[in-house]
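Participant: Let me give you the structure first, and then I'll get to my questions.
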Amino acid sequence: MDINYTPEERAFRDEVRTFLNDKLPADISRKVKEHKRLGKEDTVRWQKILNEQGWLALHWPKEHGGTGWSPIQKHIFEEECAEAGAPTVLPFGVNMVAPVIIKFGTQEQKDYYLPRILRSDDWWCQGYSEPGAGSDLAGLKTRAVREGDHYIVNGQKTWTTLGQHANMIFCLVRTDPDAKKQEGISFLLIDMEKSEGITVRPLITLDGEHEVNEVFFDNVKVPVENLVGEENKGWTCAKYLLTFERTGIAGVGSSKAALAHLKQVAREQIVNGKPLIEEPHFRARLADVEMELMSLEMTNLRTVAAAEAGGVPGAESSFLKIMGTELRQEITDLFRRAAGPHALPFLPEELEGDFEGPYVGPEFAASVASRYFNFRKLSIFGGSNEIQKNIISKMILGL
Amino acid sequence: MDFKLSDEQRMLEETVGRLVRDTYTFDARNKILESEQGFSTDMWNQFAELGLLGVPFSEEAGGFNGGGPELMVVAEGFGRGLVVEPYLATVVLSGTLIDKLGDDAQKEQWVSAIIGGETRFALAAYEARGRYDHTVVETSAKKDGDGYVLSGEKAVVLHGDSADQLVVIARTGGDADARDGLSAFIVDANADGVSRKGYPTIDGLHAAEITLSNVKVGADALLGEEGKAIDALEATLDLALITLCAEASGAMEVACDQTLEYIKERQQFGVPIGKFQALQHRMVEMRMELEKVRSITMLAACSLDAPADLRKKRISAAKAQVGKSGRKVAEEAIQLFGGMGMMEETPVSHYAKRIVMIDHWFGDREYHLGILETLIDVDDHAA
């Protein structure tokens with residue numbers, strides 16, 4: 001038993017660090033570290049830099065332009081990226097639709113879409129949830145009816161993250177309304193730019209941000225060749241995605257970076273003549289978070305090491321999702337407290353990367369309350385934490 | 001990075017596992033609990049025969065040359081069976097301290113006697129005023145010719161009632177709370193001036209309040225340099241904490257398993273109660289807390305060679321996590337068992353008691369979070 005990285009793993013980490021040091025644009029990492037708004041341009045610019053290095057498609061096999069890395073290498077890479085303040089790669093193309101295309105797609109689909117994803121030519125979004133199908137995803141109603149060499153799609157998707165920038169959407173649609181719930185679903189790729197009948201409407205979240213959207217489909221014609229896998233077998237694709245590579249789901253790297261930032265803030269904030277970090281209640285909560293983070297990191301590493309040894313992280317990643325999101329939410333709560341009364345001013349312009357001040361309160365305080373509210377999403381999306389508990393209960397506990 | 005056990009570690013795990021499974025049944029343990037000394041000498045002799053009493057000692061001394069992971073493996077196994085024999089008191093707390101501080105003659109005499117199962121020890125370190133703080137020592141050792149005279153009171157000495165020999169931490173210099181000036185002495189538990197008030201503890205063990213009144217010891221009773229015991233004492237307590245965390249981990253595992261089995265069997269409203277989502281989610285949370293404890297115990301067990309601050313940070317974090325997660329698992333186990341969880345005849349109640357009370361041995365959650373607070377700036381990169 002050895003919890004330390006091997007010399008090879010350490011050399012790899014150094015290689016990643018050097019790359020991040022040389023190639024991660026300072027203006028982008030500054031925005032990430034200071035919790036400013038990131039634009040589409042920032043994400044695309046970073047993805048192109050990653051692709052030039054051959055490090056964008058973390059989870060793809062080498063033959064398709066992926067890294068072919070081991071689980072430990074991926075873990076090291078994700079951790080270093082988070083600590084360096086690299087923006088999150090848009091997951092919908094490279095980490096979600098691409099693995100499905102690689103596993104279930106035709107040669108034509110692979111040849112067309114995969115290089116475009118690598119080059120960031122397309123901005124993908126996900127058409128899964130519907131107003132009536134959230135946790136019960138298989139209850140989705142968006143209809144696709146085959147007419148000649150097209151499907152005609154009608155219905156509504158919701159919670160479509162960053163769909164306002166997207167030109168492509170992958171959708172779960174109902175192709176057989178008479179079959180059992182999971183058996184009449186198909187996986188369709190839809191071009192949002194070229195198709196007629198698609199309307200994207202913004203949904204504004206409680207922090208005032210435009211992150212998610214509703215997408216309406218009104219007699220949208222989709223070529224049959226955009227079907228991935230077999231008709232009525234879309235649920236298989238969806239399930240494959242759910243179990244696919246979720247070692248990063250614990251968010252250890254970003255929690256570590258956030259905790260380090262929180263400590264720095266707590267050292268600088270003076271309360272009644274003393275640094276906030278010396279205030280006993282605050283310090284006790286900080287210590288508790290530190291302890292939980294150590295436990296989470298080791299649990300994550302155990303899962304990574306099991307994957308390295310050839311195991312497939314299945315329902316274990318549900319533990320990581322719950323633990324990781326609860327911890328990140330706790331940290332945002334502490335940030336809010338660190339700001340004190342200056343958590344109150346709500347001035348969204350202070351979150352723009354080019355805002356030059358003056359800030360109403362301390363600079364870090366500008367984002368804390370909105371981030372706290374925004375991060376409530378963590379325990380809701382990607383399978384709510386209650387759904388994760390159902391999964392563990394069924395798959396691991398056999399209840 | 002590698003979390004697999006080595007062949008030797010797996011062997012150790014199997015040895016303890018088999019012993020606990022085959023001989024340490026619930027009924028057998030209950031009989032042991034009823035006995036006056038509160039543990040089984042037969043069992044102790046088996047530990048000796050199997051080499052378990054030598055795990056943390058060097059091969060030259062006749063030991064297994066084990067470190068943190070080896071102790072962890074043994075203690076997890078003991079935790080699964082709620083083993084009550086004085087392993088922690090004798091082997092970990094006293095044996096490793098003698099091994100760290102003693103000269104060749106002392107080691108030859110005492111470490112061999114421990115490994116062979118002939119002598120049982122207890123570490124008399126903590127005092128009532130200091131609660132969990134081992135530096136608060138008012139027990140004094142005053143020079144008396146070649147030897148020393150010891151006087152003072154020691155509180156809740158684990159297995160102090162049955163020990164043949166004591167390792168007593170006494171002050172040879174410095175103020176009552178100073179780190180300097182602490183010395184360790186070997187004292188015959190039946191020497192003149194030693195009085196012991198023994199009692200059972202609620203988690204199935206035994207302990208004693210020990211009073212030393214002008215107890216005379218020779219120069220050969222002093223372990224190591226006079227007044228310089230603190231580093232070795234702390235390294236020993238760190239080992240004890242790892243052992244306790246691992247024991248908690250093993251006990252929590254069984255508490256989770258027994259609870260899961262129970263909610264699959266127990267029928268109410270015509271179905272097993274494990275069909276109810278309210279209980280399923282609580283069961284999942286228990287397992288999640290168990291995973292945290294397993295993980296951070298491994299981290300602590302693998303950190304004995306880390307720089308002192310980092311080692312202390314991780315070990316205190318582990319013990320604090322055990323306090324927090326252990327309470328949750330124990331309380332939920334009782335709750336999910338319902339009335340049966342309240343019964344002495346239900347094994348899970350014994351697990352719950354041990355898991356909760358481990359928090360009270362060698363520093364509870366608040367105490368160790370307090371230590372972690374002082375080490376909050378120590379950089380921690382797990383790998």
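Lettering and numbering for the structure tokens are positional, with chains as A, B, ... in the shown order, residues counted from 1 in each chain, and ligands counted from 1 in the shown order.
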I'd like the neighbourhood of Glu127 in chain B as a list in words, where a residue qualifies if any of its atoms comes within 9 Å (using only C-alpha atoms), though same-chain residues fewer than 3 positions away should be ignored.
Facilitator: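 Selected residues are Ala124, Gly130, Arg131, Tyr132, Asp133, His134, Val136, Val137, Glu138, Thr139, Gly152, Glu153, Lys154, Ala155 and Val156 of chain B.
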Participant: Leaving out Val187 in chain B and any residue of its chain fewer than 6 positions from it, which residues lie within 10 Å of it when counting only C-alpha atoms, given as a list in words?
Facilitator: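 Selected residues are Phe121, Ala124, Leu150, Asp164, Gln165, Leu166, Val167, Val168, Val194, Leu212, Val215, Lys216, Val217, Gly218, Ala221 and Leu222 of chain B.
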Participant: Give me a file of those residues, with C-alpha atoms, as an mmCIF file, in the first residue's frame.
Facilitator:
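Listing of part25.cif after writing:
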```cif
data_model
loop_
_atom_site.group_PDB
_atom_site.id
_atom_site.type_symbol
_atom_site.label_atom_id
_atom_site.label_comp_id
_atom_site.auth_asym_id
_atom_site.auth_seq_id
_atom_site.Cartn_x
_atom_site.Cartn_y
_atom_site.Cartn_z
ATOM 1 C CA PHE B 121 1.221 -3.542 29.935
ATOM 2 C CA ALA B 124 -0.522 5.556 32.337
ATOM 3 C CA LEU B 150 6.796 8.734 41.620
ATOM 4 C CA ASP B 164 1.331 -6.585 34.995
ATOM 5 C CA GLN B 165 3.471 -3.588 34.282
ATOM 6 C CA LEU B 166 2.781 0.100 33.700
ATOM 7 C CA VAL B 167 4.560 2.673 31.587
ATOM 8 C CA VAL B 168 4.041 5.839 33.604
ATOM 9 C CA VAL B 194 0.494 1.766 43.419
ATOM 10 C CA LEU B 212 0.966 6.500 42.719
ATOM 11 C CA VAL B 215 6.453 4.660 44.392
ATOM 12 C CA LYS B 216 10.170 3.876 44.349
ATOM 13 C CA VAL B 217 11.773 2.720 41.122
ATOM 14 C CA GLY B 218 15.378 2.061 40.179
ATOM 15 C CA ALA B 221 13.035 2.002 35.168
ATOM 16 C CA LEU B 222 13.649 5.207 33.201
#
```
Participant: If we count only C-alpha atoms, what is near Lys312 in chain B at a cut-off of 10 Å, once residues fewer than 6 positions away on the same chain are taken out, given as JSON, numbers by chain?
Facilitator: {"B": [234, 235, 238, 300, 303, 304, 306, 318, 368, 371, 372, 375]}
Participant: Hey, can you spit out that residue selection with all heavy atoms as a PDB file, in the first residue's frame?
Facilitator:
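part16.pdb, written as the output of this step:
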```pdb
ATOM      1  N   GLU B 234       4.454  11.077  21.552  1.00  0.00           N
ATOM      2  CA  GLU B 234       3.517  11.524  20.516  1.00  0.00           C
ATOM      3  C   GLU B 234       3.503  10.587  19.320  1.00  0.00           C
ATOM      4  O   GLU B 234       2.457  10.335  18.731  1.00  0.00           O
ATOM      5  CB  GLU B 234       3.830  12.966  20.112  1.00  0.00           C
ATOM      6  CG  GLU B 234       3.447  13.909  21.246  1.00  0.00           C
ATOM      7  CD  GLU B 234       3.576  15.392  20.927  1.00  0.00           C
ATOM      8  OE1 GLU B 234       4.237  15.723  19.917  1.00  0.00           O
ATOM      9  OE2 GLU B 234       3.011  16.188  21.697  1.00  0.00           O
ATOM     10  N   ALA B 235       4.681  10.075  18.969  1.00  0.00           N
ATOM     11  CA  ALA B 235       4.720   9.110  17.863  1.00  0.00           C
ATOM     12  C   ALA B 235       3.923   7.855  18.238  1.00  0.00           C
ATOM     13  O   ALA B 235       3.226   7.256  17.405  1.00  0.00           O
ATOM     14  CB  ALA B 235       6.161   8.753  17.535  1.00  0.00           C
ATOM     15  N   ASP B 238       0.257   8.581  18.081  1.00  0.00           N
ATOM     16  CA  ASP B 238      -0.168   8.585  16.676  1.00  0.00           C
ATOM     17  C   ASP B 238      -0.480   7.166  16.201  1.00  0.00           C
ATOM     18  O   ASP B 238      -1.473   6.932  15.510  1.00  0.00           O
ATOM     19  CB  ASP B 238       0.916   9.207  15.786  1.00  0.00           C
ATOM     20  CG  ASP B 238       0.910  10.729  15.866  1.00  0.00           C
ATOM     21  OD1 ASP B 238      -0.059  11.289  16.431  1.00  0.00           O
ATOM     22  OD2 ASP B 238       1.868  11.350  15.374  1.00  0.00           O
ATOM     23  N   ALA B 300      -4.062   8.179   6.941  1.00  0.00           N
ATOM     24  CA  ALA B 300      -3.323   8.327   8.199  1.00  0.00           C
ATOM     25  C   ALA B 300      -2.297   7.210   8.349  1.00  0.00           C
ATOM     26  O   ALA B 300      -1.141   7.452   8.713  1.00  0.00           O
ATOM     27  CB  ALA B 300      -4.299   8.322   9.376  1.00  0.00           C
ATOM     28  N   SER B 303       0.915   7.648   6.519  1.00  0.00           N
ATOM     29  CA  SER B 303       1.578   8.943   6.696  1.00  0.00           C
ATOM     30  C   SER B 303       2.589   8.969   7.833  1.00  0.00           C
ATOM     31  O   SER B 303       3.054  10.038   8.215  1.00  0.00           O
ATOM     32  CB  SER B 303       0.523  10.038   6.936  1.00  0.00           C
ATOM     33  OG  SER B 303      -0.301  10.161   5.801  1.00  0.00           O
ATOM     34  N   LEU B 304       2.938   7.806   8.366  1.00  0.00           N
ATOM     35  CA  LEU B 304       3.857   7.804   9.510  1.00  0.00           C
ATOM     36  C   LEU B 304       5.227   8.378   9.151  1.00  0.00           C
ATOM     37  O   LEU B 304       5.916   8.921  10.005  1.00  0.00           O
ATOM     38  CB  LEU B 304       4.021   6.380  10.054  1.00  0.00           C
ATOM     39  CG  LEU B 304       2.820   5.874  10.845  1.00  0.00           C
ATOM     40  CD1 LEU B 304       3.023   4.426  11.256  1.00  0.00           C
ATOM     41  CD2 LEU B 304       2.583   6.740  12.081  1.00  0.00           C
ATOM     42  N   ALA B 306       5.645  10.762   6.912  1.00  0.00           N
ATOM     43  CA  ALA B 306       5.507  12.128   6.403  1.00  0.00           C
ATOM     44  C   ALA B 306       6.116  13.098   7.414  1.00  0.00           C
ATOM     45  O   ALA B 306       6.313  12.751   8.577  1.00  0.00           O
ATOM     46  CB  ALA B 306       4.028  12.444   6.184  1.00  0.00           C
ATOM     47  N   ALA B 318      -8.149  12.172  10.668  1.00  0.00           N
ATOM     48  CA  ALA B 318      -8.760  10.836  10.640  1.00  0.00           C
ATOM     49  C   ALA B 318      -9.560  10.580  11.915  1.00  0.00           C
ATOM     50  O   ALA B 318     -10.695  10.108  11.878  1.00  0.00           O
ATOM     51  CB  ALA B 318      -7.674   9.769  10.465  1.00  0.00           C
ATOM     52  N   HIS B 368      -9.483  16.813  18.282  1.00  0.00           N
ATOM     53  CA  HIS B 368      -8.614  16.639  17.109  1.00  0.00           C
ATOM     54  C   HIS B 368      -8.883  17.669  16.020  1.00  0.00           C
ATOM     55  O   HIS B 368      -7.968  18.047  15.289  1.00  0.00           O
ATOM     56  CB  HIS B 368      -8.711  15.203  16.586  1.00  0.00           C
ATOM     57  CG  HIS B 368      -7.919  14.258  17.435  1.00  0.00           C
ATOM     58  ND1 HIS B 368      -6.551  14.214  17.414  1.00  0.00           N
ATOM     59  CD2 HIS B 368      -8.302  13.381  18.394  1.00  0.00           C
ATOM     60  CE1 HIS B 368      -6.120  13.325  18.297  1.00  0.00           C
ATOM     61  NE2 HIS B 368      -7.159  12.807  18.913  1.00  0.00           N
ATOM     62  N   ILE B 371      -6.683  20.408  16.931  1.00  0.00           N
ATOM     63  CA  ILE B 371      -5.301  20.215  16.460  1.00  0.00           C
ATOM     64  C   ILE B 371      -5.210  20.540  14.971  1.00  0.00           C
ATOM     65  O   ILE B 371      -4.312  21.237  14.507  1.00  0.00           O
ATOM     66  CB  ILE B 371      -4.832  18.775  16.736  1.00  0.00           C
ATOM     67  CG1 ILE B 371      -4.716  18.572  18.249  1.00  0.00           C
ATOM     68  CG2 ILE B 371      -3.503  18.489  16.036  1.00  0.00           C
ATOM     69  CD1 ILE B 371      -4.345  17.173  18.658  1.00  0.00           C
ATOM     70  N   LEU B 372      -6.202  20.044  14.233  1.00  0.00           N
ATOM     71  CA  LEU B 372      -6.237  20.320  12.796  1.00  0.00           C
ATOM     72  C   LEU B 372      -6.278  21.829  12.544  1.00  0.00           C
ATOM     73  O   LEU B 372      -5.639  22.341  11.624  1.00  0.00           O
ATOM     74  CB  LEU B 372      -7.471  19.634  12.192  1.00  0.00           C
ATOM     75  CG  LEU B 372      -7.614  19.628  10.687  1.00  0.00           C
ATOM     76  CD1 LEU B 372      -6.382  19.071  10.030  1.00  0.00           C
ATOM     77  CD2 LEU B 372      -8.823  18.802  10.274  1.00  0.00           C
ATOM     78  N   LEU B 375      -3.074  23.352  12.395  1.00  0.00           N
ATOM     79  CA  LEU B 375      -2.246  22.895  11.269  1.00  0.00           C
ATOM     80  C   LEU B 375      -2.886  23.230   9.927  1.00  0.00           C
ATOM     81  O   LEU B 375      -2.567  22.644   8.903  1.00  0.00           O
ATOM     82  CB  LEU B 375      -2.026  21.378  11.379  1.00  0.00           C
ATOM     83  CG  LEU B 375      -1.305  20.918  12.650  1.00  0.00           C
ATOM     84  CD1 LEU B 375      -1.385  19.411  12.799  1.00  0.00           C
ATOM     85  CD2 LEU B 375       0.154  21.371  12.619  1.00  0.00           C
TER      86      LEU B 375
END
```
Participant: Give me, as a list in words, the residues of chain A touching chain B, with the criterion being at most 7 Å (counting only C-alpha atoms).
Facilitator: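 Taking only C-alpha atoms into account, Met1, Asp2, Ile3, Asn4, Tyr5, Thr6, Arg283, Ala284, Ala287, Asp288, Met291, Met294, Ser295, Leu296, Met298, Thr299, Arg302, Ala305, Phe319, Lys389, Ile392, Ser393 and Leu399 of chain A sit within 7 Å of chain B.
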Participant: Just want the 7 Å neighbourhood of range 74-91 of chain B, counted on only C-alpha atoms, with same-chain residues fewer than 3 positions away dropped. Output as number ranges by chain.
Facilitator: B: 12-13, 16-17, 20, 24, 39-40, 44, 53, 70-71, 94-96, 114, 120-123, 158-159, 204-205, 240, 243, 246-251, 254
Participant: Do a neighbour search on range 342-350 of chain B at 7 Å with only C-alpha atoms, toss out local chain neighbours closer than 5 positions, and write the hits as a PyMOL selection string.
Facilitator: chain B and resi 26+255+258+334
Participant: Could those selected residues go to a file with all heavy atoms, as a PDB file, in the first residue's frame?
Facilitator:
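Ended up saving to part-v1.pdb:
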```pdb
ATOM      1  N   PHE B  26     -20.255 -13.834  18.807  1.00  0.00           N
ATOM      2  CA  PHE B  26     -20.943 -12.940  19.741  1.00  0.00           C
ATOM      3  C   PHE B  26     -21.072 -13.595  21.116  1.00  0.00           C
ATOM      4  O   PHE B  26     -20.830 -12.964  22.148  1.00  0.00           O
ATOM      5  CB  PHE B  26     -22.321 -12.591  19.158  1.00  0.00           C
ATOM      6  CG  PHE B  26     -23.076 -11.582  19.968  1.00  0.00           C
ATOM      7  CD1 PHE B  26     -22.555 -10.320  20.217  1.00  0.00           C
ATOM      8  CD2 PHE B  26     -24.334 -11.897  20.483  1.00  0.00           C
ATOM      9  CE1 PHE B  26     -23.268  -9.380  20.963  1.00  0.00           C
ATOM     10  CE2 PHE B  26     -25.038 -10.958  21.231  1.00  0.00           C
ATOM     11  CZ  PHE B  26     -24.505  -9.704  21.477  1.00  0.00           C
ATOM     12  N   ALA B 255     -21.320  -2.909  11.493  1.00  0.00           N
ATOM     13  CA  ALA B 255     -22.587  -2.260  11.851  1.00  0.00           C
ATOM     14  C   ALA B 255     -23.411  -1.990  10.594  1.00  0.00           C
ATOM     15  O   ALA B 255     -24.632  -2.195  10.573  1.00  0.00           O
ATOM     16  CB  ALA B 255     -22.313  -0.961  12.606  1.00  0.00           C
ATOM     17  N   GLN B 258     -24.684  -5.456   9.218  1.00  0.00           N
ATOM     18  CA  GLN B 258     -25.775  -6.020  10.020  1.00  0.00           C
ATOM     19  C   GLN B 258     -27.067  -5.232   9.824  1.00  0.00           C
ATOM     20  O   GLN B 258     -28.154  -5.804   9.766  1.00  0.00           O
ATOM     21  CB  GLN B 258     -25.377  -6.029  11.507  1.00  0.00           C
ATOM     22  CG  GLN B 258     -24.283  -7.041  11.803  1.00  0.00           C
ATOM     23  CD  GLN B 258     -23.941  -7.131  13.289  1.00  0.00           C
ATOM     24  OE1 GLN B 258     -24.329  -6.267  14.067  1.00  0.00           O
ATOM     25  NE2 GLN B 258     -23.204  -8.161  13.665  1.00  0.00           N
ATOM     26  N   ILE B 334     -28.748   1.955  15.184  1.00  0.00           N
ATOM     27  CA  ILE B 334     -29.747   1.725  16.234  1.00  0.00           C
ATOM     28  C   ILE B 334     -31.134   2.120  15.732  1.00  0.00           C
ATOM     29  O   ILE B 334     -32.114   1.384  15.889  1.00  0.00           O
ATOM     30  CB  ILE B 334     -29.383   2.517  17.513  1.00  0.00           C
ATOM     31  CG1 ILE B 334     -28.098   1.951  18.125  1.00  0.00           C
ATOM     32  CG2 ILE B 334     -30.524   2.461  18.519  1.00  0.00           C
ATOM     33  CD1 ILE B 334     -27.588   2.723  19.329  1.00  0.00           C
TER      34      ILE B 334
END
```
Participant: If we count only C-alpha atoms, what is near Glu209 in chain A at a cut-off of 10 Å, once residues fewer than 3 positions away on the same chain are taken out, given as a list in words?
Facilitator: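 Contacts, in chain order: Arg37, Pro202, Leu203, Ile204, Thr205, Leu206, Val212, Pro348, Ser370 and Asn374 of chain A.
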Participant: Output N, CA, C and O atoms of each residue in that selection to a file, as a tab-separated table (two decimals), in the first residue's frame.
Facilitator:
```
chain	number	residue	atom	x	y	z
A	37	ARG	N	-17.30	36.03	-15.06
A	37	ARG	CA	-18.02	35.32	-16.11
A	37	ARG	C	-17.07	34.88	-17.22
A	37	ARG	O	-16.23	35.67	-17.64
A	202	PRO	N	-34.28	31.71	-23.22
A	202	PRO	CA	-33.47	31.71	-22.00
A	202	PRO	C	-34.29	31.43	-20.73
A	202	PRO	O	-35.45	31.82	-20.64
A	203	LEU	N	-33.66	30.73	-19.80
A	203	LEU	CA	-34.21	30.60	-18.46
A	203	LEU	C	-33.24	31.34	-17.53
A	203	LEU	O	-32.05	31.04	-17.55
A	204	ILE	N	-33.73	32.26	-16.78
A	204	ILE	CA	-32.84	33.02	-15.89
A	204	ILE	C	-32.90	32.39	-14.50
A	204	ILE	O	-33.98	32.20	-13.93
A	205	THR	N	-31.74	32.04	-14.00
A	205	THR	CA	-31.70	31.35	-12.69
A	205	THR	C	-31.70	32.36	-11.54
A	205	THR	O	-31.55	33.55	-11.76
A	206	LEU	N	-31.84	31.86	-10.34
A	206	LEU	CA	-32.03	32.72	-9.16
A	206	LEU	C	-30.88	33.67	-8.89
A	206	LEU	O	-31.03	34.64	-8.15
A	212	VAL	N	-29.00	28.38	-18.51
A	212	VAL	CA	-29.85	27.31	-19.05
A	212	VAL	C	-30.97	27.87	-19.92
A	212	VAL	O	-31.28	29.05	-19.85
A	348	PRO	N	-24.29	42.54	-10.79
A	348	PRO	CA	-23.77	41.56	-11.77
A	348	PRO	C	-22.64	42.11	-12.63
A	348	PRO	O	-21.79	41.34	-13.07
A	370	SER	N	-24.08	35.05	-5.19
A	370	SER	CA	-24.66	34.47	-6.40
A	370	SER	C	-24.09	33.08	-6.66
A	370	SER	O	-24.79	32.18	-7.10
A	374	ASN	N	-26.08	29.75	-7.10
A	374	ASN	CA	-25.86	29.01	-8.34
A	374	ASN	C	-25.46	27.56	-8.05
A	374	ASN	O	-25.91	26.63	-8.72
```
Participant: For the atom pair CA of Gly339 in chain B and CA of Cys256 in chain B, what is the interatomic distance in Å to one decimal place?
Facilitator: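 CA of Cys256 in chain B lies 17.1 Å from CA of Gly339 in chain B.
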Participant: With a distance cut-off of 9 Å and only C-alpha atoms, select the neighbouring residues of Lys263 in chain A, excluding the residue or stretch itself and same-chain residues fewer than 4 positions from it, and output the selection as an NGL selection string.
Facilitator: (:A and (258-259 or 267-268 or 277 or 286)) or (:B and (376-377))
Participant: Have a look at B:Leu182, B:Leu237, B:Ala128, B:Ala278 and name the one nearest to Asn390 in chain A; count only C-alpha atoms.
Facilitator: B:Ala278
Participant: From the DSSP assignment of the backbone, select every residue of range 37-138 of chain B that is strand (DSSP E), and format the answer as an MDAnalysis selection string.
Facilitator: chainID B and resid 121:124
Participant: With all heavy atoms retained, could you export that selection as a JSON list (two decimals), in the first residue's frame?
Facilitator:
```json
[["chain", "number", "residue", "atom", "x", "y", "z"],
["B", 121, "PHE", "N", 0.89, -4.89, 29.51],
["B", 121, "PHE", "CA", 1.22, -3.54, 29.94],
["B", 121, "PHE", "C", 0.02, -2.60, 29.82],
["B", 121, "PHE", "O", -0.94, -2.89, 29.11],
["B", 121, "PHE", "CB", 2.30, -2.97, 29.00],
["B", 121, "PHE", "CG", 3.72, -3.21, 29.46],
["B", 121, "PHE", "CD1", 4.39, -4.37, 29.07],
["B", 121, "PHE", "CD2", 4.37, -2.28, 30.24],
["B", 121, "PHE", "CE1", 5.71, -4.58, 29.46],
["B", 121, "PHE", "CE2", 5.69, -2.48, 30.63],
["B", 121, "PHE", "CZ", 6.37, -3.63, 30.25],
["B", 122, "ALA", "N", 0.12, -1.48, 30.52],
["B", 122, "ALA", "CA", -0.79, -0.37, 30.26],
["B", 122, "ALA", "C", 0.02, 0.92, 30.28],
["B", 122, "ALA", "O", 1.03, 1.01, 30.99],
["B", 122, "ALA", "CB", -1.89, -0.31, 31.32],
["B", 123, "LEU", "N", -0.42, 1.90, 29.49],
["B", 123, "LEU", "CA", 0.26, 3.20, 29.47],
["B", 123, "LEU", "C", -0.52, 4.17, 30.35],
["B", 123, "LEU", "O", -1.67, 4.52, 30.04],
["B", 123, "LEU", "CB", 0.35, 3.74, 28.04],
["B", 123, "LEU", "CG", 0.93, 5.16, 27.92],
["B", 123, "LEU", "CD1", 2.41, 5.19, 28.28],
["B", 123, "LEU", "CD2", 0.71, 5.72, 26.52],
["B", 124, "ALA", "N", 0.12, 4.59, 31.44],
["B", 124, "ALA", "CA", -0.52, 5.56, 32.34],
["B", 124, "ALA", "C", 0.00, 6.94, 31.98],
["B", 124, "ALA", "O", 1.04, 7.37, 32.49],
["B", 124, "ALA", "CB", -0.22, 5.20, 33.79]]
```
Participant: Apply DSSP to the backbone of this structure and, from range 12-236 of chain B, keep only the residues in helix (DSSP H, G or I); write these as JSON, numbers by chain.
Facilitator: {"B": [12, 13, 14, 15, 16, 17, 18, 19, 20, 21, 22, 23, 26, 27, 28, 29, 30, 31, 32, 33, 34, 41, 42, 43, 44, 45, 46, 47, 48, 49, 52, 53, 54, 68, 69, 70, 71, 72, 73, 74, 75, 76, 77, 78, 79, 80, 81, 87, 88, 89, 90, 91, 92, 93, 94, 95, 96, 97, 98, 99, 100, 101, 104, 105, 106, 107, 108, 109, 110, 111, 112, 113, 114, 115, 128, 129, 130, 219, 220, 221, 230, 231, 232, 233, 234, 235, 236]}
Participant: If you measure from CA of Gly193 in chain B to CA of Glu118 in chain B, what distance in Å do you get, rounded to one decimal?
Facilitator: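 Separation between CA of Gly193 in chain B and CA of Glu118 in chain B: 23.8 Å.
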Participant: Quick check, in Å to one decimal: how far apart do CA of Gln107 in chain A and CA of Glu230 in chain A lie?
Facilitator: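 Those two atoms sit 14.2 Å apart.
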